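Asker: Quick one: the structure is below, questions incoming.
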There are 2 protein chains.
Amino acid sequence: MPTFQEYTSRSFGHKVNKSARLMSQRMAQLFKENGYNISIEQWRLLLYLWREDGVTQNFLAETTSKDEPSVSRIINTMEKNNLVIRARHPHDRRTNLIYLTESGRNVRDGLMAIGARMNNDITDGVDPDELTVCVKVLEKVLDNCNKLLGN
Amino acid sequence: MPTFQEYTSRSFGHKVNKSARLMSQRMAQLFKENGYNISIEQWRLLLYLWREDGVTQNFLAETTSKDEPSVSRIINTMEKNNLVIRARHPHDRRTNLIYLTESGRNVRDGLMAIGARMNNDITDGVDPDELTVCVKVLEKVLDNCNKLLGN
DNA sequence: CAAAAATACTTGCCTATGCAACAAAAAGCA
DNA sequence: TGCTTTTTGTTGCATAGGCAAGTATTTTTG
């Protein structure tokens, strides 16, 4: 019987990592199957933009815990695929404001439906209370990571 | 108050993804600070190799849920950095057997110590029972993902 | 006001992931 | 035996992440 520490050190990081990868992989598969040429990271940005667009890349980076170069490049692709546009900030020429295009708004319902289905599928057989505990633990871990990384 | 589904769909995937990223980031930081030129994914492979080397790339891919090209390329870098060598399988010339080098064996204690420290740090303030529940939920989610992906 | 510091973003370099296509070798089968 | 299928691994192409360095612009400050 491994100690608590052995157990978690062998398993926790790996399981979080694997879960993240496989969930993304499945989500990407569903997007593709349904004819959406949208990556999982684009979807994560869209989730925020559907709530509120006209935000800065910086804001998106902070909200998603991505770094600015990553967001910049994802926005590049999204702009190329006509999902968003970069607009000049009226008073600050350093800043881009990211707005959804018609097309970016239109894919919302379809993608959300896939998200809901995905969610049902992957949490099948999971006790809701335990899922809540899991999310709570992840929040604490995130909090610890942010402190350790100096964020 | 969001429904259970809204709650989890907005949070679970993202939290798992962020956690995985920030944990890896912190781990990479610790490796670098301590003078190890070893990536987080190399470390994940090493964890298996320290237990048993002379295994195939295929085995490493399955064990870590990576695809074969990923493992192949990580091994390329590890070979370049003198952590492992590819050896011919005596009876199957398709197959590479991956063996640790002296150097690959020697970094073990140092890296494991960092791993242990990392583990303490990120689970600071987390109830052990809740961590166990979290791991259990992740295992179920992994299981569901594997089924959905046809693995 | 002019120089210095901070901010928002981009680019370059390295790593990793997924998928598809390909090569080499082994195994199965007719 | 010889042909087909399967297995093992590599390469190409696209996406993404982290970090460091560079650019443009705004804010601070002396």
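Residue numbers start at 1 in each chain; chains themselves are named A, B, ... in the order of the structure tokens; ligands are numbered from 1 in the order shown.
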Give one line per residue of chain B that approaches chain D to at most 10 Å, naming the two atoms of the closest pair and their distance in Å to one decimal, counting only C-alpha atoms (C1' of nucleotides); sort by chain then ascending residue number and deliver it as a tab-separated table.

Answerer:
```
residue	atom	partner	partner_atom	distance
B:Arg21	CA	D:DG17	C1'	8.4
B:Gln25	CA	D:DG18	C1'	7.8
B:Ala28	CA	D:DG18	C1'	9.6
B:Thr56	CA	D:DT8	C1'	9.0
B:Gln57	CA	D:DG9	C1'	8.2
B:Asn58	CA	D:DT8	C1'	7.3
B:Glu68	CA	D:DG9	C1'	7.6
B:Pro69	CA	D:DT10	C1'	7.4
B:Ser72	CA	D:DG9	C1'	7.6
B:Arg73	CA	D:DT10	C1'	9.1
B:Asp92	CA	D:DT8	C1'	9.5
B:Arg93	CA	D:DT8	C1'	9.1
B:Arg94	CA	D:DT8	C1'	5.4
B:Thr95	CA	D:DT8	C1'	5.8
B:Asn96	CA	D:DG9	C1'	8.2
```

Asker: Put those residues in a file: C-alpha atoms, as an mmCIF file, in the first residue's frame.

Answerer:
```cif
data_model
loop_
_atom_site.group_PDB
_atom_site.id
_atom_site.type_symbol
_atom_site.label_atom_id
_atom_site.label_comp_id
_atom_site.auth_asym_id
_atom_site.auth_seq_id
_atom_site.Cartn_x
_atom_site.Cartn_y
_atom_site.Cartn_z
ATOM 1 C CA ARG B 21 -0.882 23.597 -17.653
ATOM 2 C CA GLN B 25 4.692 25.108 -15.836
ATOM 3 C CA ALA B 28 9.389 23.022 -15.469
ATOM 4 C CA THR B 56 9.365 -0.265 -26.461
ATOM 5 C CA GLN B 57 8.253 3.173 -27.541
ATOM 6 C CA ASN B 58 4.871 1.682 -28.133
ATOM 7 C CA GLU B 68 3.612 7.252 -30.994
ATOM 8 C CA PRO B 69 4.936 10.272 -32.858
ATOM 9 C CA SER B 72 9.280 9.152 -30.774
ATOM 10 C CA ARG B 73 10.158 12.829 -30.726
ATOM 11 C CA ASP B 92 12.319 -7.781 -33.956
ATOM 12 C CA ARG B 93 14.070 -5.225 -36.053
ATOM 13 C CA ARG B 94 11.036 -2.950 -36.162
ATOM 14 C CA THR B 95 11.287 -2.346 -32.473
ATOM 15 C CA ASN B 96 13.418 0.000 -30.420
#
```

Asker: If you run DSSP on the backbone, which residues of chain B are strand (DSSP E or B), as number ranges by chain?

Answerer: B: 55-56, 84-88, 96-100

Asker: Next, dump the selected residues to file, keeping only N, CA and C atoms, as a PDB file, in the first residue's frame.

Answerer:
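And here's selection.pdb as it stands now:
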```pdb
ATOM      1  N   VAL B  55      12.074  -1.018 -22.532  1.00  0.00           N
ATOM      2  CA  VAL B  55      10.712  -1.173 -23.038  1.00  0.00           C
ATOM      3  C   VAL B  55      10.615  -0.523 -24.417  1.00  0.00           C
ATOM      4  N   THR B  56       9.535  -0.820 -25.116  1.00  0.00           N
ATOM      5  CA  THR B  56       9.365  -0.265 -26.461  1.00  0.00           C
ATOM      6  C   THR B  56       8.740   1.127 -26.386  1.00  0.00           C
ATOM      7  N   VAL B  84      18.778   8.600 -22.529  1.00  0.00           N
ATOM      8  CA  VAL B  84      18.409   7.236 -22.909  1.00  0.00           C
ATOM      9  C   VAL B  84      19.126   6.865 -24.201  1.00  0.00           C
ATOM     10  N   ILE B  85      19.128   5.578 -24.504  1.00  0.00           N
ATOM     11  CA  ILE B  85      19.555   5.149 -25.830  1.00  0.00           C
ATOM     12  C   ILE B  85      18.510   4.203 -26.414  1.00  0.00           C
ATOM     13  N   ARG B  86      18.418   4.236 -27.751  1.00  0.00           N
ATOM     14  CA  ARG B  86      17.574   3.278 -28.456  1.00  0.00           C
ATOM     15  C   ARG B  86      18.446   2.066 -28.774  1.00  0.00           C
ATOM     16  N   ALA B  87      17.978   0.901 -28.369  1.00  0.00           N
ATOM     17  CA  ALA B  87      18.715  -0.316 -28.699  1.00  0.00           C
ATOM     18  C   ALA B  87      17.837  -1.201 -29.573  1.00  0.00           C
ATOM     19  N   ARG B  88      18.510  -1.965 -30.443  1.00  0.00           N
ATOM     20  CA  ARG B  88      17.800  -2.914 -31.287  1.00  0.00           C
ATOM     21  C   ARG B  88      17.183  -4.022 -30.456  1.00  0.00           C
ATOM     22  N   ASN B  96      12.349  -0.573 -31.229  1.00  0.00           N
ATOM     23  CA  ASN B  96      13.418   0.000 -30.420  1.00  0.00           C
ATOM     24  C   ASN B  96      13.172  -0.310 -28.950  1.00  0.00           C
ATOM     25  N   LEU B  97      14.213  -0.700 -28.257  1.00  0.00           N
ATOM     26  CA  LEU B  97      14.108  -0.817 -26.805  1.00  0.00           C
ATOM     27  C   LEU B  97      14.816   0.383 -26.189  1.00  0.00           C
ATOM     28  N   ILE B  98      14.126   1.023 -25.267  1.00  0.00           N
ATOM     29  CA  ILE B  98      14.648   2.258 -24.696  1.00  0.00           C
ATOM     30  C   ILE B  98      15.318   1.957 -23.358  1.00  0.00           C
ATOM     31  N   TYR B  99      16.609   2.233 -23.303  1.00  0.00           N
ATOM     32  CA  TYR B  99      17.358   2.018 -22.062  1.00  0.00           C
ATOM     33  C   TYR B  99      17.853   3.339 -21.503  1.00  0.00           C
ATOM     34  N   LEU B 100      17.845   3.431 -20.184  1.00  0.00           N
ATOM     35  CA  LEU B 100      18.424   4.591 -19.514  1.00  0.00           C
ATOM     36  C   LEU B 100      19.934   4.560 -19.660  1.00  0.00           C
TER      37      LEU B 100
END
```

Asker: Counting only C-alpha atoms (C1' of nucleotides), collect the residues of chain C whose closest atom lies at most 9 Å from chain B, and write them out as a short mmCIF file (atom, residue, chain, number, x, y, z; two decimals) with C-alpha atoms (C1' of nucleotides), in the first residue's frame.

Answerer:
```
data_model
loop_
_atom_site.label_atom_id
_atom_site.label_comp_id
_atom_site.auth_asym_id
_atom_site.auth_seq_id
_atom_site.Cartn_x
_atom_site.Cartn_y
_atom_site.Cartn_z
"C1'" DT C 15 8.73 21.81 -26.80
"C1'" DA C 16 4.55 19.00 -27.18
"C1'" DT C 17 0.09 17.00 -29.38
"C1'" DG C 18 -2.92 15.00 -32.92
"C1'" DA C 24 10.33 -1.31 -42.74
"C1'" DA C 25 9.76 -5.57 -40.77
"C1'" DA C 26 7.09 -9.38 -38.90
#
```

Asker: Which one is closest to chain A: B:Val135, B:Thr101, B:Ile114, B:Asp129? Count only C-alpha atoms.

Answerer: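 Of the candidates, the smallest distance to chain A is held by B:Val135.
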
Asker: Chain B residues within 7 Å of chain A, counting only C-alpha atoms: which ones, as a tab-separated table (two decimals) with C-alpha atoms, in the first residue's frame?

Answerer:
```tsv
chain	number	residue	atom	x	y	z
B	9	SER	CA	-19.63	22.65	-18.42
B	12	PHE	CA	-14.68	21.37	-15.27
B	15	LYS	CA	-10.16	23.82	-14.61
B	16	VAL	CA	-8.61	20.51	-15.59
B	17	ASN	CA	-6.90	22.17	-18.51
B	18	LYS	CA	-5.59	25.09	-16.48
B	19	SER	CA	-4.46	22.85	-13.67
B	20	ALA	CA	-2.54	20.62	-16.03
B	22	LEU	CA	0.04	25.43	-14.48
B	23	MET	CA	1.30	22.29	-12.76
B	26	ARG	CA	5.65	25.09	-12.17
B	65	SER	CA	-1.61	7.94	-23.29
B	116	ALA	CA	7.96	15.30	-3.93
B	119	ASN	CA	3.52	17.58	-4.73
B	122	ILE	CA	0.45	22.15	-4.86
B	123	THR	CA	-1.71	20.06	-2.56
B	126	VAL	CA	-6.16	20.13	0.32
B	130	GLU	CA	-10.98	15.11	-1.06
B	131	LEU	CA	-7.84	14.63	-3.09
B	133	VAL	CA	-12.12	11.71	-4.44
B	134	CYS	CA	-10.68	14.07	-7.04
B	135	VAL	CA	-8.34	11.37	-8.35
B	137	VAL	CA	-13.36	11.31	-10.46
B	138	LEU	CA	-10.48	11.93	-12.88
B	140	LYS	CA	-13.71	7.83	-14.19
B	141	VAL	CA	-13.51	10.73	-16.62
B	142	LEU	CA	-10.39	9.20	-18.17
B	144	ASN	CA	-15.15	7.63	-20.20
B	145	CYS	CA	-12.83	9.51	-22.54
B	149	LEU	CA	-12.24	7.80	-28.23
```

Asker: Report the distance between atom CA of Leu111 of chain B and atom CA of Leu49 of chain B in Å, rounded to one decimal place.

Answerer: 13.3 Å

Asker: Name the residues of segment 2-107 of chain A that come out as alpha helix (DSSP H) in a backbone DSSP run; write them as a PDB file with N, CA and C atoms, in the first residue's frame.

Answerer:
```pdb
ATOM      1  N   PHE A   4       0.215   8.062   1.216  1.00  0.00           N
ATOM      2  CA  PHE A   4      -0.591   9.110   0.596  1.00  0.00           C
ATOM      3  C   PHE A   4       0.240   9.896  -0.421  1.00  0.00           C
ATOM      4  N   GLN A   5       1.430  10.234   0.007  1.00  0.00           N
ATOM      5  CA  GLN A   5       2.266  11.044  -0.875  1.00  0.00           C
ATOM      6  C   GLN A   5       2.695  10.296  -2.137  1.00  0.00           C
ATOM      7  N   GLU A   6       3.087   9.044  -1.935  1.00  0.00           N
ATOM      8  CA  GLU A   6       3.460   8.247  -3.105  1.00  0.00           C
ATOM      9  C   GLU A   6       2.295   8.132  -4.072  1.00  0.00           C
ATOM     10  N   TYR A   7       1.142   7.884  -3.501  1.00  0.00           N
ATOM     11  CA  TYR A   7      -0.041   7.714  -4.323  1.00  0.00           C
ATOM     12  C   TYR A   7      -0.291   8.943  -5.178  1.00  0.00           C
ATOM     13  N   THR A   8      -0.297  10.080  -4.488  1.00  0.00           N
ATOM     14  CA  THR A   8      -0.626  11.291  -5.236  1.00  0.00           C
ATOM     15  C   THR A   8       0.500  11.690  -6.169  1.00  0.00           C
ATOM     16  N   SER A   9       1.744  11.508  -5.738  1.00  0.00           N
ATOM     17  CA  SER A   9       2.824  11.959  -6.607  1.00  0.00           C
ATOM     18  C   SER A   9       2.887  11.097  -7.862  1.00  0.00           C
ATOM     19  N   ARG A  10       2.533   9.842  -7.718  1.00  0.00           N
ATOM     20  CA  ARG A  10       2.538   8.987  -8.899  1.00  0.00           C
ATOM     21  C   ARG A  10       1.354   9.254  -9.796  1.00  0.00           C
ATOM     22  N   SER A  11       0.278   9.737  -9.197  1.00  0.00           N
ATOM     23  CA  SER A  11      -0.963   9.725  -9.958  1.00  0.00           C
ATOM     24  C   SER A  11      -1.545  11.089 -10.282  1.00  0.00           C
ATOM     25  N   PHE A  12      -1.492  12.004  -9.341  1.00  0.00           N
ATOM     26  CA  PHE A  12      -2.313  13.200  -9.501  1.00  0.00           C
ATOM     27  C   PHE A  12      -1.939  14.018 -10.738  1.00  0.00           C
ATOM     28  N   GLY A  13      -0.674  14.402 -10.815  1.00  0.00           N
ATOM     29  CA  GLY A  13      -0.239  15.196 -11.958  1.00  0.00           C
ATOM     30  C   GLY A  13      -0.524  14.508 -13.281  1.00  0.00           C
ATOM     31  N   HIS A  14      -0.201  13.229 -13.328  1.00  0.00           N
ATOM     32  CA  HIS A  14      -0.408  12.478 -14.564  1.00  0.00           C
ATOM     33  C   HIS A  14      -1.874  12.395 -14.930  1.00  0.00           C
ATOM     34  N   LYS A  15      -2.691  12.162 -13.938  1.00  0.00           N
ATOM     35  CA  LYS A  15      -4.118  12.017 -14.227  1.00  0.00           C
ATOM     36  C   LYS A  15      -4.722  13.328 -14.693  1.00  0.00           C
ATOM     37  N   VAL A  16      -4.303  14.413 -14.075  1.00  0.00           N
ATOM     38  CA  VAL A  16      -4.804  15.715 -14.514  1.00  0.00           C
ATOM     39  C   VAL A  16      -4.359  15.966 -15.951  1.00  0.00           C
ATOM     40  N   ASN A  17      -3.103  15.669 -16.190  1.00  0.00           N
ATOM     41  CA  ASN A  17      -2.552  15.879 -17.532  1.00  0.00           C
ATOM     42  C   ASN A  17      -3.255  15.035 -18.591  1.00  0.00           C
ATOM     43  N   LYS A  18      -3.387  13.749 -18.289  1.00  0.00           N
ATOM     44  CA  LYS A  18      -4.066  12.853 -19.230  1.00  0.00           C
ATOM     45  C   LYS A  18      -5.507  13.282 -19.450  1.00  0.00           C
ATOM     46  N   SER A  19      -6.195  13.600 -18.362  1.00  0.00           N
ATOM     47  CA  SER A  19      -7.593  13.990 -18.489  1.00  0.00           C
ATOM     48  C   SER A  19      -7.723  15.206 -19.391  1.00  0.00           C
ATOM     49  N   ALA A  20      -6.874  16.197 -19.151  1.00  0.00           N
ATOM     50  CA  ALA A  20      -6.936  17.413 -19.965  1.00  0.00           C
ATOM     51  C   ALA A  20      -6.734  17.073 -21.433  1.00  0.00           C
ATOM     52  N   ARG A  21      -5.745  16.228 -21.692  1.00  0.00           N
ATOM     53  CA  ARG A  21      -5.444  15.895 -23.081  1.00  0.00           C
ATOM     54  C   ARG A  21      -6.571  15.127 -23.741  1.00  0.00           C
ATOM     55  N   LEU A  22      -7.060  14.112 -23.045  1.00  0.00           N
ATOM     56  CA  LEU A  22      -8.089  13.275 -23.663  1.00  0.00           C
ATOM     57  C   LEU A  22      -9.415  14.023 -23.820  1.00  0.00           C
ATOM     58  N   MET A  23      -9.726  14.878 -22.852  1.00  0.00           N
ATOM     59  CA  MET A  23     -10.952  15.662 -22.996  1.00  0.00           C
ATOM     60  C   MET A  23     -10.850  16.593 -24.203  1.00  0.00           C
ATOM     61  N   SER A  24      -9.699  17.229 -24.352  1.00  0.00           N
ATOM     62  CA  SER A  24      -9.501  18.109 -25.508  1.00  0.00           C
ATOM     63  C   SER A  24      -9.587  17.337 -26.813  1.00  0.00           C
ATOM     64  N   GLN A  25      -8.981  16.147 -26.776  1.00  0.00           N
ATOM     65  CA  GLN A  25      -8.968  15.317 -27.977  1.00  0.00           C
ATOM     66  C   GLN A  25     -10.387  14.944 -28.399  1.00  0.00           C
ATOM     67  N   ARG A  26     -11.181  14.540 -27.421  1.00  0.00           N
ATOM     68  CA  ARG A  26     -12.558  14.144 -27.712  1.00  0.00           C
ATOM     69  C   ARG A  26     -13.368  15.326 -28.227  1.00  0.00           C
ATOM     70  N   MET A  27     -13.174  16.460 -27.581  1.00  0.00           N
ATOM     71  CA  MET A  27     -13.899  17.671 -27.976  1.00  0.00           C
ATOM     72  C   MET A  27     -13.549  18.031 -29.418  1.00  0.00           C
ATOM     73  N   ALA A  28     -12.257  17.956 -29.734  1.00  0.00           N
ATOM     74  CA  ALA A  28     -11.812  18.273 -31.094  1.00  0.00           C
ATOM     75  C   ALA A  28     -12.454  17.318 -32.089  1.00  0.00           C
ATOM     76  N   GLN A  29     -12.548  16.051 -31.681  1.00  0.00           N
ATOM     77  CA  GLN A  29     -13.163  15.041 -32.533  1.00  0.00           C
ATOM     78  C   GLN A  29     -14.624  15.399 -32.825  1.00  0.00           C
ATOM     79  N   LEU A  30     -15.341  15.795 -31.777  1.00  0.00           N
ATOM     80  CA  LEU A  30     -16.750  16.151 -31.946  1.00  0.00           C
ATOM     81  C   LEU A  30     -16.908  17.376 -32.847  1.00  0.00           C
ATOM     82  N   PHE A  31     -16.047  18.369 -32.646  1.00  0.00           N
ATOM     83  CA  PHE A  31     -16.116  19.560 -33.504  1.00  0.00           C
ATOM     84  C   PHE A  31     -15.935  19.158 -34.965  1.00  0.00           C
ATOM     85  N   LYS A  32     -14.925  18.349 -35.182  1.00  0.00           N
ATOM     86  CA  LYS A  32     -14.610  17.952 -36.555  1.00  0.00           C
ATOM     87  C   LYS A  32     -15.756  17.142 -37.170  1.00  0.00           C
ATOM     88  N   GLU A  33     -16.236  16.161 -36.399  1.00  0.00           N
ATOM     89  CA  GLU A  33     -17.336  15.324 -36.879  1.00  0.00           C
ATOM     90  C   GLU A  33     -18.554  16.147 -37.275  1.00  0.00           C
ATOM     91  N   ILE A  40      -9.977  23.481 -30.096  1.00  0.00           N
ATOM     92  CA  ILE A  40     -10.450  23.482 -28.717  1.00  0.00           C
ATOM     93  C   ILE A  40     -10.068  24.780 -28.003  1.00  0.00           C
ATOM     94  N   GLU A  41      -8.921  25.338 -28.348  1.00  0.00           N
ATOM     95  CA  GLU A  41      -8.488  26.571 -27.678  1.00  0.00           C
ATOM     96  C   GLU A  41      -9.249  27.774 -28.221  1.00  0.00           C
ATOM     97  N   GLN A  42      -9.611  27.696 -29.485  1.00  0.00           N
ATOM     98  CA  GLN A  42     -10.488  28.737 -30.030  1.00  0.00           C
ATOM     99  C   GLN A  42     -11.832  28.704 -29.302  1.00  0.00           C
ATOM    100  N   TRP A  43     -12.313  27.512 -29.078  1.00  0.00           N
ATOM    101  CA  TRP A  43     -13.576  27.338 -28.350  1.00  0.00           C
ATOM    102  C   TRP A  43     -13.494  27.944 -26.954  1.00  0.00           C
ATOM    103  N   ARG A  44     -12.364  27.747 -26.286  1.00  0.00           N
ATOM    104  CA  ARG A  44     -12.227  28.298 -24.935  1.00  0.00           C
ATOM    105  C   ARG A  44     -12.295  29.829 -24.968  1.00  0.00           C
ATOM    106  N   LEU A  45     -11.678  30.429 -25.980  1.00  0.00           N
ATOM    107  CA  LEU A  45     -11.771  31.890 -26.105  1.00  0.00           C
ATOM    108  C   LEU A  45     -13.193  32.315 -26.455  1.00  0.00           C
ATOM    109  N   LEU A  46     -13.813  31.556 -27.362  1.00  0.00           N
ATOM    110  CA  LEU A  46     -15.181  31.897 -27.767  1.00  0.00           C
ATOM    111  C   LEU A  46     -16.128  31.906 -26.563  1.00  0.00           C
ATOM    112  N   LEU A  47     -15.935  30.957 -25.651  1.00  0.00           N
ATOM    113  CA  LEU A  47     -16.796  30.884 -24.473  1.00  0.00           C
ATOM    114  C   LEU A  47     -16.817  32.210 -23.716  1.00  0.00           C
ATOM    115  N   TYR A  48     -15.665  32.871 -23.649  1.00  0.00           N
ATOM    116  CA  TYR A  48     -15.634  34.169 -22.988  1.00  0.00           C
ATOM    117  C   TYR A  48     -16.205  35.256 -23.877  1.00  0.00           C
ATOM    118  N   LEU A  49     -15.880  35.165 -25.174  1.00  0.00           N
ATOM    119  CA  LEU A  49     -16.313  36.219 -26.093  1.00  0.00           C
ATOM    120  C   LEU A  49     -17.831  36.228 -26.270  1.00  0.00           C
ATOM    121  N   TRP A  50     -18.454  35.057 -26.196  1.00  0.00           N
ATOM    122  CA  TRP A  50     -19.916  35.026 -26.312  1.00  0.00           C
ATOM    123  C   TRP A  50     -20.577  35.759 -25.151  1.00  0.00           C
ATOM    124  N   ARG A  51     -19.897  35.743 -24.019  1.00  0.00           N
ATOM    125  CA  ARG A  51     -20.429  36.462 -22.866  1.00  0.00           C
ATOM    126  C   ARG A  51     -20.216  37.960 -23.034  1.00  0.00           C
ATOM    127  N   GLN A  57      -6.808  41.467 -25.754  1.00  0.00           N
ATOM    128  CA  GLN A  57      -6.138  40.172 -25.764  1.00  0.00           C
ATOM    129  C   GLN A  57      -5.585  39.861 -24.376  1.00  0.00           C
ATOM    130  N   ASN A  58      -5.094  40.910 -23.765  1.00  0.00           N
ATOM    131  CA  ASN A  58      -4.588  40.817 -22.415  1.00  0.00           C
ATOM    132  C   ASN A  58      -5.623  40.225 -21.455  1.00  0.00           C
ATOM    133  N   PHE A  59      -6.841  40.726 -21.559  1.00  0.00           N
ATOM    134  CA  PHE A  59      -7.928  40.224 -20.729  1.00  0.00           C
ATOM    135  C   PHE A  59      -8.164  38.745 -21.005  1.00  0.00           C
ATOM    136  N   LEU A  60      -8.189  38.380 -22.267  1.00  0.00           N
ATOM    137  CA  LEU A  60      -8.403  36.978 -22.623  1.00  0.00           C
ATOM    138  C   LEU A  60      -7.279  36.111 -22.079  1.00  0.00           C
ATOM    139  N   ALA A  61      -6.062  36.619 -22.146  1.00  0.00           N
ATOM    140  CA  ALA A  61      -4.922  35.870 -21.632  1.00  0.00           C
ATOM    141  C   ALA A  61      -5.072  35.624 -20.139  1.00  0.00           C
ATOM    142  N   GLU A  62      -5.406  36.666 -19.403  1.00  0.00           N
ATOM    143  CA  GLU A  62      -5.558  36.504 -17.964  1.00  0.00           C
ATOM    144  C   GLU A  62      -6.690  35.552 -17.612  1.00  0.00           C
ATOM    145  N   THR A  63      -7.805  35.737 -18.291  1.00  0.00           N
ATOM    146  CA  THR A  63      -8.983  34.941 -17.970  1.00  0.00           C
ATOM    147  C   THR A  63      -8.749  33.461 -18.231  1.00  0.00           C
ATOM    148  N   THR A  64      -7.991  33.174 -19.274  1.00  0.00           N
ATOM    149  CA  THR A  64      -7.795  31.770 -19.631  1.00  0.00           C
ATOM    150  C   THR A  64      -6.475  31.213 -19.085  1.00  0.00           C
ATOM    151  N   GLU A  68       0.323  35.841 -23.354  1.00  0.00           N
ATOM    152  CA  GLU A  68      -0.133  36.733 -24.407  1.00  0.00           C
ATOM    153  C   GLU A  68       0.236  36.246 -25.800  1.00  0.00           C
ATOM    154  N   PRO A  69       1.442  35.729 -25.997  1.00  0.00           N
ATOM    155  CA  PRO A  69       1.746  35.206 -27.333  1.00  0.00           C
ATOM    156  C   PRO A  69       0.763  34.133 -27.780  1.00  0.00           C
ATOM    157  N   SER A  70       0.387  33.242 -26.882  1.00  0.00           N
ATOM    158  CA  SER A  70      -0.566  32.194 -27.249  1.00  0.00           C
ATOM    159  C   SER A  70      -1.880  32.802 -27.717  1.00  0.00           C
ATOM    160  N   VAL A  71      -2.390  33.730 -26.939  1.00  0.00           N
ATOM    161  CA  VAL A  71      -3.659  34.359 -27.311  1.00  0.00           C
ATOM    162  C   VAL A  71      -3.509  35.079 -28.642  1.00  0.00           C
ATOM    163  N   SER A  72      -2.425  35.782 -28.793  1.00  0.00           N
ATOM    164  CA  SER A  72      -2.184  36.514 -30.035  1.00  0.00           C
ATOM    165  C   SER A  72      -2.279  35.588 -31.239  1.00  0.00           C
ATOM    166  N   ARG A  73      -1.643  34.421 -31.122  1.00  0.00           N
ATOM    167  CA  ARG A  73      -1.631  33.498 -32.264  1.00  0.00           C
ATOM    168  C   ARG A  73      -2.968  32.816 -32.475  1.00  0.00           C
ATOM    169  N   ILE A  74      -3.665  32.518 -31.401  1.00  0.00           N
ATOM    170  CA  ILE A  74      -4.989  31.912 -31.562  1.00  0.00           C
ATOM    171  C   ILE A  74      -5.926  32.920 -32.235  1.00  0.00           C
ATOM    172  N   ILE A  75      -5.813  34.177 -31.824  1.00  0.00           N
ATOM    173  CA  ILE A  75      -6.626  35.224 -32.455  1.00  0.00           C
ATOM    174  C   ILE A  75      -6.263  35.361 -33.935  1.00  0.00           C
ATOM    175  N   ASN A  76      -4.991  35.228 -34.254  1.00  0.00           N
ATOM    176  CA  ASN A  76      -4.587  35.240 -35.669  1.00  0.00           C
ATOM    177  C   ASN A  76      -5.400  34.240 -36.476  1.00  0.00           C
ATOM    178  N   THR A  77      -5.423  33.007 -35.974  1.00  0.00           N
ATOM    179  CA  THR A  77      -6.138  31.952 -36.694  1.00  0.00           C
ATOM    180  C   THR A  77      -7.634  32.232 -36.736  1.00  0.00           C
ATOM    181  N   MET A  78      -8.168  32.691 -35.616  1.00  0.00           N
ATOM    182  CA  MET A  78      -9.602  32.977 -35.573  1.00  0.00           C
ATOM    183  C   MET A  78      -9.961  34.108 -36.533  1.00  0.00           C
ATOM    184  N   GLU A  79      -9.062  35.067 -36.660  1.00  0.00           N
ATOM    185  CA  GLU A  79      -9.310  36.175 -37.573  1.00  0.00           C
ATOM    186  C   GLU A  79      -9.266  35.661 -39.016  1.00  0.00           C
ATOM    187  N   LYS A  80      -8.282  34.791 -39.280  1.00  0.00           N
ATOM    188  CA  LYS A  80      -8.151  34.201 -40.609  1.00  0.00           C
ATOM    189  C   LYS A  80      -9.412  33.421 -40.965  1.00  0.00           C
ATOM    190  N   GLU A 102     -20.188  38.090 -37.303  1.00  0.00           N
ATOM    191  CA  GLU A 102     -21.466  37.398 -37.516  1.00  0.00           C
ATOM    192  C   GLU A 102     -21.265  35.891 -37.387  1.00  0.00           C
ATOM    193  N   SER A 103     -20.288  35.410 -38.121  1.00  0.00           N
ATOM    194  CA  SER A 103     -19.978  33.985 -38.145  1.00  0.00           C
ATOM    195  C   SER A 103     -19.587  33.467 -36.750  1.00  0.00           C
ATOM    196  N   GLY A 104     -18.789  34.250 -36.038  1.00  0.00           N
ATOM    197  CA  GLY A 104     -18.389  33.868 -34.686  1.00  0.00           C
ATOM    198  C   GLY A 104     -19.582  33.759 -33.749  1.00  0.00           C
ATOM    199  N   ARG A 105     -20.569  34.612 -33.992  1.00  0.00           N
ATOM    200  CA  ARG A 105     -21.763  34.567 -33.157  1.00  0.00           C
ATOM    201  C   ARG A 105     -22.636  33.381 -33.552  1.00  0.00           C
ATOM    202  N   ASN A 106     -22.650  33.096 -34.856  1.00  0.00           N
ATOM    203  CA  ASN A 106     -23.557  32.065 -35.356  1.00  0.00           C
ATOM    204  C   ASN A 106     -23.196  30.643 -34.943  1.00  0.00           C
TER     205      ASN A 106
END
```
